[in-house]
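Shown below: run-v9.cif, with mmCIF, C-alpha atoms.
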```cif
data_query
loop_
_atom_site.group_PDB
_atom_site.id
_atom_site.type_symbol
_atom_site.label_atom_id
_atom_site.label_comp_id
_atom_site.auth_asym_id
_atom_site.auth_seq_id
_atom_site.Cartn_x
_atom_site.Cartn_y
_atom_site.Cartn_z
ATOM 1 C CA MET A 43 7.897 53.542 52.578
ATOM 2 C CA HIS A 44 10.609 51.005 52.007
ATOM 3 C CA ASP A 45 12.135 52.014 55.348
ATOM 4 C CA LEU A 46 8.943 50.704 56.963
ATOM 5 C CA TYR A 47 9.512 47.337 55.313
ATOM 6 C CA ASP A 48 13.084 47.252 56.625
ATOM 7 C CA ARG A 49 11.834 47.933 60.165
ATOM 8 C CA LEU A 50 9.092 45.321 59.899
ATOM 9 C CA LYS A 51 11.470 42.663 58.547
ATOM 10 C CA THR A 52 13.596 42.902 61.664
ATOM 11 C CA ARG A 53 10.545 41.923 63.772
ATOM 12 C CA PHE A 54 8.415 39.690 61.538
ATOM 13 C CA PRO A 55 8.898 37.117 58.772
ATOM 14 C CA LEU A 56 7.456 38.837 55.711
ATOM 15 C CA GLY A 57 7.125 38.135 52.019
ATOM 16 C CA ASP A 58 8.308 40.440 49.261
ATOM 17 C CA TRP A 59 7.488 44.141 49.309
ATOM 18 C CA ILE A 60 5.336 45.049 46.312
ATOM 19 C CA ALA A 61 5.285 48.802 45.737
ATOM 20 C CA ARG A 62 2.399 49.963 43.550
ATOM 21 C CA ARG A 63 3.023 53.684 43.995
ATOM 22 C CA PRO A 64 5.275 55.700 46.279
ATOM 23 C CA ASP A 65 2.406 55.835 48.796
ATOM 24 C CA LEU A 66 0.987 52.292 48.362
ATOM 25 C CA ALA A 67 2.573 48.893 48.917
ATOM 26 C CA PHE A 68 1.562 45.312 49.671
ATOM 27 C CA VAL A 69 3.312 42.603 51.627
ATOM 28 C CA ASP A 70 2.487 38.959 52.329
ATOM 29 C CA VAL A 71 2.335 38.070 56.010
ATOM 30 C CA PRO A 72 2.293 34.568 57.496
ATOM 31 C CA LEU A 73 -1.108 33.900 59.016
ATOM 32 C CA ALA A 74 0.374 33.232 62.455
ATOM 33 C CA GLN A 75 1.976 36.708 62.470
ATOM 34 C CA LEU A 76 -0.894 38.732 60.986
ATOM 35 C CA ARG A 77 -2.457 39.998 64.214
ATOM 36 C CA SER A 78 0.948 40.955 65.635
ATOM 37 C CA VAL A 79 1.835 42.877 62.472
ATOM 38 C CA LEU A 80 -1.558 44.631 62.459
ATOM 39 C CA LEU A 81 -1.104 45.676 66.096
ATOM 40 C CA HIS A 82 2.447 46.870 65.486
ATOM 41 C CA LEU A 83 1.398 48.915 62.467
ATOM 42 C CA ARG A 84 -1.512 50.473 64.357
ATOM 43 C CA ASP A 85 0.272 51.153 67.653
ATOM 44 C CA GLN A 86 3.877 51.813 66.571
ATOM 45 C CA GLU A 87 3.794 52.934 62.943
ATOM 46 C CA GLY A 88 0.699 55.174 62.807
ATOM 47 C CA PHE A 89 -1.505 53.015 60.564
ATOM 48 C CA THR A 90 -4.606 53.879 62.550
ATOM 49 C CA HIS A 91 -7.246 53.529 59.835
ATOM 50 C CA LEU A 92 -8.542 50.269 58.341
ATOM 51 C CA VAL A 93 -9.448 51.286 54.803
ATOM 52 C CA LEU A 94 -10.613 47.920 53.525
ATOM 53 C CA LEU A 95 -10.738 44.210 54.195
ATOM 54 C CA THR A 96 -11.318 42.090 51.105
ATOM 55 C CA ALA A 97 -10.743 38.611 49.721
ATOM 56 C CA VAL A 98 -9.675 36.834 46.541
ATOM 57 C CA ASP A 99 -10.702 33.245 45.843
ATOM 58 C CA TRP A 100 -7.686 31.178 44.747
ATOM 59 C CA ILE A 101 -9.785 28.106 43.967
ATOM 60 C CA GLU A 102 -6.800 26.419 42.251
ATOM 61 C CA THR A 103 -4.841 26.272 45.513
ATOM 62 C CA GLY A 104 -7.829 25.871 47.835
ATOM 63 C CA GLU A 105 -7.204 29.214 49.539
ATOM 64 C CA PHE A 106 -8.612 32.664 50.080
ATOM 65 C CA GLN A 107 -6.257 35.622 50.153
ATOM 66 C CA LEU A 108 -7.359 38.245 52.653
ATOM 67 C CA THR A 109 -6.069 41.771 52.166
ATOM 68 C CA TYR A 110 -6.115 44.247 55.045
ATOM 69 C CA LEU A 111 -5.529 47.756 53.679
ATOM 70 C CA LEU A 112 -4.303 50.173 56.340
ATOM 71 C CA CYS A 113 -3.744 53.927 56.120
ATOM 72 C CA ASN A 114 -1.239 56.129 57.898
ATOM 73 C CA ARG A 115 -2.927 59.519 57.514
ATOM 74 C CA ARG A 116 0.013 61.431 58.939
ATOM 75 C CA ARG A 117 2.385 60.034 56.297
ATOM 76 C CA ALA A 118 -0.375 59.849 53.633
ATOM 77 C CA CYS A 119 0.396 56.260 52.728
ATOM 78 C CA ASP A 120 -1.393 52.925 52.551
ATOM 79 C CA LEU A 121 -0.122 49.420 53.242
ATOM 80 C CA GLY A 122 -1.899 46.215 52.305
ATOM 81 C CA LEU A 123 -1.192 43.094 54.333
ATOM 82 C CA ARG A 124 -2.053 39.871 52.524
ATOM 83 C CA ALA A 125 -2.554 36.527 54.241
ATOM 84 C CA ARG A 126 -3.896 33.223 52.966
ATOM 85 C CA ILE A 127 -6.390 30.964 54.695
ATOM 86 C CA ALA A 128 -7.815 27.589 53.772
ATOM 87 C CA ARG A 129 -10.838 27.821 51.505
ATOM 88 C CA ASP A 130 -12.732 24.990 53.178
ATOM 89 C CA PRO A 131 -13.497 25.479 55.937
ATOM 90 C CA ALA A 132 -12.836 29.192 55.559
ATOM 91 C CA SER A 133 -12.341 30.783 58.954
ATOM 92 C CA MET A 134 -10.282 33.713 60.188
ATOM 93 C CA GLU A 135 -9.758 35.485 63.502
ATOM 94 C CA SER A 136 -11.868 38.624 63.786
ATOM 95 C CA ILE A 137 -10.159 41.998 64.112
ATOM 96 C CA HIS A 138 -13.275 43.943 65.104
ATOM 97 C CA ASP A 139 -11.631 44.513 68.489
ATOM 98 C CA LEU A 140 -8.779 46.380 66.744
ATOM 99 C CA TRP A 141 -10.939 48.326 64.306
ATOM 100 C CA PRO A 142 -14.714 48.228 64.968
ATOM 101 C CA THR A 143 -15.400 48.929 61.278
ATOM 102 C CA ALA A 144 -13.859 45.537 60.461
ATOM 103 C CA ALA A 145 -17.104 43.927 61.625
ATOM 104 C CA THR A 146 -18.883 45.319 58.554
ATOM 105 C CA TYR A 147 -16.224 44.008 56.161
ATOM 106 C CA GLN A 148 -16.253 40.650 57.931
ATOM 107 C CA ARG A 149 -20.041 40.385 57.570
ATOM 108 C CA GLU A 150 -19.699 41.070 53.859
ATOM 109 C CA LEU A 151 -16.936 38.476 53.432
ATOM 110 C CA ARG A 152 -18.969 35.864 55.310
ATOM 111 C CA GLU A 153 -21.969 36.459 53.093
ATOM 112 C CA MET A 154 -20.198 36.833 49.746
ATOM 113 C CA PHE A 155 -17.344 34.290 50.188
ATOM 114 C CA GLY A 156 -18.486 32.113 53.107
ATOM 115 C CA ILE A 157 -15.546 33.087 55.339
ATOM 116 C CA ASP A 158 -16.320 32.773 59.046
ATOM 117 C CA PHE A 159 -14.996 35.296 61.585
ATOM 118 C CA PRO A 160 -15.904 33.742 64.964
ATOM 119 C CA GLY A 161 -16.966 36.294 67.558
ATOM 120 C CA SER A 162 -17.545 39.111 65.085
ATOM 121 C CA PRO A 163 -20.755 41.022 65.928
ATOM 122 C CA ARG A 164 -23.918 40.276 63.930
ATOM 123 C CA LEU A 165 -21.916 38.019 61.620
ATOM 124 C CA HIS A 166 -24.767 35.635 60.851
ATOM 125 C CA GLU A 167 -27.476 38.227 60.295
ATOM 126 C CA ASP A 168 -28.492 38.858 56.685
ATOM 127 C CA PHE A 169 -26.475 41.777 55.396
ATOM 128 C CA ILE A 170 -26.490 42.304 51.639
ATOM 129 C CA LEU A 171 -28.153 39.174 50.287
ATOM 130 C CA GLU A 172 -31.332 38.967 52.330
ATOM 131 C CA GLY A 173 -32.627 35.417 52.342
ATOM 132 C CA TRP A 174 -29.755 34.038 50.230
ATOM 133 C CA ARG A 175 -29.304 30.301 50.745
ATOM 134 C CA GLU A 176 -27.117 29.394 47.759
ATOM 135 C CA ILE A 177 -23.343 28.986 47.598
ATOM 136 C CA PRO A 178 -21.730 32.374 48.367
ATOM 137 C CA PRO A 179 -21.797 34.262 45.045
ATOM 138 C CA TYR A 180 -18.207 35.578 45.065
ATOM 139 C CA ARG A 181 -16.766 32.069 45.276
ATOM 140 C CA ARG A 182 -15.384 31.104 41.915
ATOM 141 C CA ASP A 183 -17.318 27.840 41.864
ATOM 142 C CA PHE A 184 -20.626 29.756 41.963
ATOM 143 C CA ASP A 185 -22.112 29.406 38.468
ATOM 144 C CA THR A 186 -23.585 32.831 37.738
ATOM 145 C CA LEU A 187 -24.978 31.819 34.350
ATOM 146 C CA ALA A 188 -26.703 28.701 35.699
ATOM 147 C CA TYR A 189 -28.133 30.709 38.607
ATOM 148 C CA ALA A 190 -29.465 33.395 36.253
ATOM 149 C CA ARG A 191 -31.029 30.810 33.942
ATOM 150 C CA GLU A 192 -32.704 29.010 36.869
ATOM 151 C CA THR A 193 -33.875 32.185 38.595
ATOM 152 C CA TYR A 194 -34.897 34.609 35.837
ATOM 153 C CA ARG A 195 -37.000 34.157 32.753
ATOM 154 C CA GLU A 196 -35.792 35.026 29.274
ATOM 155 C CA ARG A 197 -36.891 38.437 28.073
ATOM 156 C CA PRO A 198 -38.116 38.677 24.482
ATOM 157 C CA GLY A 199 -35.937 40.824 22.264
ATOM 158 C CA ARG A 200 -32.874 40.564 24.468
ATOM 159 C CA VAL A 201 -29.706 39.963 22.493
ATOM 160 C CA THR A 202 -26.592 38.295 23.875
ATOM 161 C CA ARG A 203 -23.350 39.254 22.182
ATOM 162 C CA ASP A 204 -19.870 37.795 22.270
ATOM 163 C CA PRO A 205 -18.027 40.431 24.351
ATOM 164 C CA ALA A 206 -14.813 40.404 22.288
ATOM 165 C CA ALA A 207 -16.593 40.650 18.935
ATOM 166 C CA TYR A 208 -18.953 43.337 20.244
ATOM 167 C CA MET A 209 -16.099 45.493 21.577
ATOM 168 C CA GLN A 210 -14.172 45.088 18.332
ATOM 169 C CA GLN A 211 -17.228 46.238 16.397
ATOM 170 C CA GLN A 212 -17.664 49.236 18.745
ATOM 171 C CA LEU A 213 -14.005 50.227 18.407
ATOM 172 C CA ASP A 214 -13.831 49.692 14.660
ATOM 173 C CA PRO A 215 -17.336 49.977 13.163
ATOM 174 C CA GLY A 216 -16.049 49.784 9.575
ATOM 175 C CA GLY A 217 -14.126 46.557 10.198
ATOM 176 C CA HIS A 218 -10.760 47.900 9.051
#
```

The structure in this file should be written as structure tokens.
Amino acid sequence: MHDLYDRLKTRFPLGDWIARRPDLAFVDVPLAQLRSVLLHLRDQEGFTHLVLLTAVDWIETGEFQLTYLLCNRRRACDLGLRARIARDPASMESIHDLWPTAATYQRELREMFGIDFPGSPRLHEDFILEGWREIPPYRRDFDTLAYARETYRERPGRVTRDPAAYMQQQLDPGGH
């Protein structure tokens, strides 16, 4: 797959090639070039299937990293394109016109991270979290513990354990 990277580098400014397996790699793409790279991969390189569109919240830098995972079925390989967008306001061009299935991923990312994809179909309809009006729950500043304490009552007899101590006890019951 490294030959693909060499071909792409002659056309687009790209970050480092990160090979995870012989059939899976990731590359950072400047936001301004993302759509062009996606189109080139789909139309010229045989990456006709959008496997996944996901996000990571880099709260420390005020960014979201979007990862577009594409598959070339003929060559049996996958390539992930990673691009960063501002966290607030979080907005990204929709690619549902390139891959209609992207609309579903974009709806999920809007609901779970608060990322807007203007023009994407049904984007503002409830999807997973029906009636949710809180901060998007996959954002790292969402306080899961505070939400659980405010929303759910304590159940008698429930025990909370320190995860590290509990796992140590499970792995070494005799404490050796």

* Go through the shown structure with the PyMOL selection byres ((chain A and resi 90) around 8) and write out the matching residues as a ChimeraX atom specification. => /A:83-85,88-89,91-92,112-115

What do you get, as a PyMOL selection string, if you spell out every residue that the PyMOL selection byres ((chain A and resi 65-79) around 9) selects here?
chain A and resi 43-44+47+50+53-64+80-84+109+111+117-127+135+137

### Message
On this structure, the PyMOL selection byres ((chain A and resi 166-180) around 8) would catch which residues? List them as a PyMOL selection string, sorted by chain and number.
### Response
chain A and resi 99+149-150+153-156+164-165+181-182+184+186

Include C-alpha atoms and write out the residues we just selected as a tab-separated table (two decimals), in the frame of the given file.
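Written output follows (selection05.tsv):
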```
chain	number	residue	atom	x	y	z
A	99	ASP	CA	-10.70	33.24	45.84
A	149	ARG	CA	-20.04	40.38	57.57
A	150	GLU	CA	-19.70	41.07	53.86
A	153	GLU	CA	-21.97	36.46	53.09
A	154	MET	CA	-20.20	36.83	49.75
A	155	PHE	CA	-17.34	34.29	50.19
A	156	GLY	CA	-18.49	32.11	53.11
A	164	ARG	CA	-23.92	40.28	63.93
A	165	LEU	CA	-21.92	38.02	61.62
A	181	ARG	CA	-16.77	32.07	45.28
A	182	ARG	CA	-15.38	31.10	41.92
A	184	PHE	CA	-20.63	29.76	41.96
A	186	THR	CA	-23.58	32.83	37.74
```

Exercise. Write out as an MDAnalysis selection string which residues come within 9 Å of A:Leu151 when counting all atoms listed in the file, dropping same-chain ones fewer than 5 positions away.
Key: chainID A and resid 95:97 146 156:159 180

note - atom CA of A:Ser162 and atom CA of A:Ser136 are separated by 5.8 Å

Atom CA of A:Asp139 to atom CA of A:Pro160, distance in Å rounded to a single decimal
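Distance between the two atoms: 12.1 Å.
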
Draw an axis-aligned box over all listed atoms of stretch 155-172 of chain A, pad each side with 3 Å, and write its centre and edge lengths in Å, one decimal, as lines of an AutoDock Vina configuration file.
```
center_x = -23.2
center_y = 37.2
center_z = 58.9
size_x = 22.3
size_y = 16.2
size_z = 23.4
```

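Straight-line separation from atom CA of A:Leu94 to atom CA of A:Tyr147: 7.3 Å.
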
Residues within 8 Å of A:Ile101, only C-alpha atoms, excluding chain neighbours under 3 positions, as a list in words: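 Close residues of A:Ile101: Gly104, Glu105, Phe106, Arg129, Arg182 and Asp183 of chain A.
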
Atoms added to stretch 117-128 of chain A (all heavy atoms), reported as a PDB file, in the coordinates of the input:
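Result written to out.pdb:
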```pdb
ATOM      1  N   ARG A 117       1.394  60.191  57.372  1.00  0.00           N
ATOM      2  CA  ARG A 117       2.385  60.034  56.297  1.00  0.00           C
ATOM      3  C   ARG A 117       1.726  59.946  54.920  1.00  0.00           C
ATOM      4  O   ARG A 117       2.420  59.830  53.909  1.00  0.00           O
ATOM      5  CB  ARG A 117       3.233  58.792  56.540  1.00  0.00           C
ATOM      6  CG  ARG A 117       4.144  58.945  57.749  1.00  0.00           C
ATOM      7  CD  ARG A 117       5.042  57.764  57.943  1.00  0.00           C
ATOM      8  NE  ARG A 117       5.909  57.571  56.778  1.00  0.00           N
ATOM      9  CZ  ARG A 117       6.676  56.512  56.588  1.00  0.00           C
ATOM     10  NH1 ARG A 117       6.690  55.538  57.481  1.00  0.00           N
ATOM     11  NH2 ARG A 117       7.424  56.391  55.525  1.00  0.00           N
ATOM     12  N   ALA A 118       0.393  59.940  54.884  1.00  0.00           N
ATOM     13  CA  ALA A 118      -0.375  59.849  53.633  1.00  0.00           C
ATOM     14  C   ALA A 118       0.059  58.648  52.798  1.00  0.00           C
ATOM     15  O   ALA A 118       0.426  58.772  51.635  1.00  0.00           O
ATOM     16  CB  ALA A 118      -0.268  61.153  52.841  1.00  0.00           C
ATOM     17  N   CYS A 119       0.032  57.474  53.446  1.00  0.00           N
ATOM     18  CA  CYS A 119       0.396  56.260  52.728  1.00  0.00           C
ATOM     19  C   CYS A 119      -0.481  55.098  53.175  1.00  0.00           C
ATOM     20  O   CYS A 119      -1.066  55.125  54.264  1.00  0.00           O
ATOM     21  CB  CYS A 119       1.874  55.934  52.910  1.00  0.00           C
ATOM     22  SG  CYS A 119       2.354  55.616  54.610  1.00  0.00           S
ATOM     23  N   ASP A 120      -0.576  54.111  52.297  1.00  0.00           N
ATOM     24  CA  ASP A 120      -1.393  52.925  52.551  1.00  0.00           C
ATOM     25  C   ASP A 120      -0.535  51.674  52.427  1.00  0.00           C
ATOM     26  O   ASP A 120       0.329  51.586  51.551  1.00  0.00           O
ATOM     27  CB  ASP A 120      -2.540  52.830  51.542  1.00  0.00           C
ATOM     28  CG  ASP A 120      -3.497  53.994  51.643  1.00  0.00           C
ATOM     29  OD1 ASP A 120      -3.880  54.353  52.764  1.00  0.00           O
ATOM     30  OD2 ASP A 120      -3.873  54.546  50.579  1.00  0.00           O
ATOM     31  N   LEU A 121      -0.826  50.693  53.278  1.00  0.00           N
ATOM     32  CA  LEU A 121      -0.122  49.420  53.242  1.00  0.00           C
ATOM     33  C   LEU A 121      -1.142  48.296  53.290  1.00  0.00           C
ATOM     34  O   LEU A 121      -2.002  48.269  54.170  1.00  0.00           O
ATOM     35  CB  LEU A 121       0.843  49.300  54.432  1.00  0.00           C
ATOM     36  CG  LEU A 121       1.610  47.987  54.541  1.00  0.00           C
ATOM     37  CD1 LEU A 121       2.487  47.763  53.301  1.00  0.00           C
ATOM     38  CD2 LEU A 121       2.438  47.964  55.815  1.00  0.00           C
ATOM     39  N   GLY A 122      -1.038  47.384  52.342  1.00  0.00           N
ATOM     40  CA  GLY A 122      -1.899  46.215  52.305  1.00  0.00           C
ATOM     41  C   GLY A 122      -1.169  44.989  52.818  1.00  0.00           C
ATOM     42  O   GLY A 122      -0.097  44.652  52.320  1.00  0.00           O
ATOM     43  N   LEU A 123      -1.731  44.349  53.820  1.00  0.00           N
ATOM     44  CA  LEU A 123      -1.192  43.094  54.333  1.00  0.00           C
ATOM     45  C   LEU A 123      -2.025  41.964  53.749  1.00  0.00           C
ATOM     46  O   LEU A 123      -3.253  41.979  53.842  1.00  0.00           O
ATOM     47  CB  LEU A 123      -1.269  43.042  55.854  1.00  0.00           C
ATOM     48  CG  LEU A 123      -0.553  44.142  56.621  1.00  0.00           C
ATOM     49  CD1 LEU A 123      -0.731  43.931  58.111  1.00  0.00           C
ATOM     50  CD2 LEU A 123       0.911  44.198  56.258  1.00  0.00           C
ATOM     51  N   ARG A 124      -1.350  40.992  53.151  1.00  0.00           N
ATOM     52  CA  ARG A 124      -2.053  39.871  52.524  1.00  0.00           C
ATOM     53  C   ARG A 124      -1.697  38.585  53.253  1.00  0.00           C
ATOM     54  O   ARG A 124      -0.527  38.315  53.511  1.00  0.00           O
ATOM     55  CB  ARG A 124      -1.679  39.766  51.048  1.00  0.00           C
ATOM     56  CG  ARG A 124      -2.014  41.047  50.297  1.00  0.00           C
ATOM     57  CD  ARG A 124      -1.748  40.970  48.846  1.00  0.00           C
ATOM     58  NE  ARG A 124      -0.401  40.482  48.560  1.00  0.00           N
ATOM     59  CZ  ARG A 124       0.185  40.573  47.377  1.00  0.00           C
ATOM     60  NH1 ARG A 124      -0.445  41.132  46.370  1.00  0.00           N
ATOM     61  NH2 ARG A 124       1.396  40.110  47.193  1.00  0.00           N
ATOM     62  N   ALA A 125      -2.742  37.815  53.575  1.00  0.00           N
ATOM     63  CA  ALA A 125      -2.554  36.527  54.241  1.00  0.00           C
ATOM     64  C   ALA A 125      -3.494  35.525  53.595  1.00  0.00           C
ATOM     65  O   ALA A 125      -4.563  35.883  53.119  1.00  0.00           O
ATOM     66  CB  ALA A 125      -2.842  36.649  55.731  1.00  0.00           C
ATOM     67  N   ARG A 126      -3.084  34.279  53.578  1.00  0.00           N
ATOM     68  CA  ARG A 126      -3.896  33.223  52.966  1.00  0.00           C
ATOM     69  C   ARG A 126      -4.466  32.308  54.045  1.00  0.00           C
ATOM     70  O   ARG A 126      -3.795  31.993  55.021  1.00  0.00           O
ATOM     71  CB  ARG A 126      -3.062  32.427  51.979  1.00  0.00           C
ATOM     72  CG  ARG A 126      -2.630  33.316  50.810  1.00  0.00           C
ATOM     73  CD  ARG A 126      -2.551  32.549  49.571  1.00  0.00           C
ATOM     74  NE  ARG A 126      -2.192  33.427  48.455  1.00  0.00           N
ATOM     75  CZ  ARG A 126      -2.309  33.068  47.214  1.00  0.00           C
ATOM     76  NH1 ARG A 126      -2.757  31.862  46.922  1.00  0.00           N
ATOM     77  NH2 ARG A 126      -1.981  33.883  46.248  1.00  0.00           N
ATOM     78  N   ILE A 127      -5.720  31.917  53.806  1.00  0.00           N
ATOM     79  CA  ILE A 127      -6.390  30.964  54.695  1.00  0.00           C
ATOM     80  C   ILE A 127      -6.951  29.837  53.839  1.00  0.00           C
ATOM     81  O   ILE A 127      -7.143  30.000  52.630  1.00  0.00           O
ATOM     82  CB  ILE A 127      -7.530  31.625  55.506  1.00  0.00           C
ATOM     83  CG1 ILE A 127      -8.631  32.164  54.579  1.00  0.00           C
ATOM     84  CG2 ILE A 127      -6.987  32.712  56.415  1.00  0.00           C
ATOM     85  CD1 ILE A 127      -9.883  32.625  55.294  1.00  0.00           C
ATOM     86  N   ALA A 128      -7.202  28.709  54.479  1.00  0.00           N
ATOM     87  CA  ALA A 128      -7.815  27.589  53.772  1.00  0.00           C
ATOM     88  C   ALA A 128      -9.201  27.989  53.282  1.00  0.00           C
ATOM     89  O   ALA A 128      -9.929  28.712  53.962  1.00  0.00           O
ATOM     90  CB  ALA A 128      -7.906  26.379  54.692  1.00  0.00           C
TER      91      ALA A 128
END
```
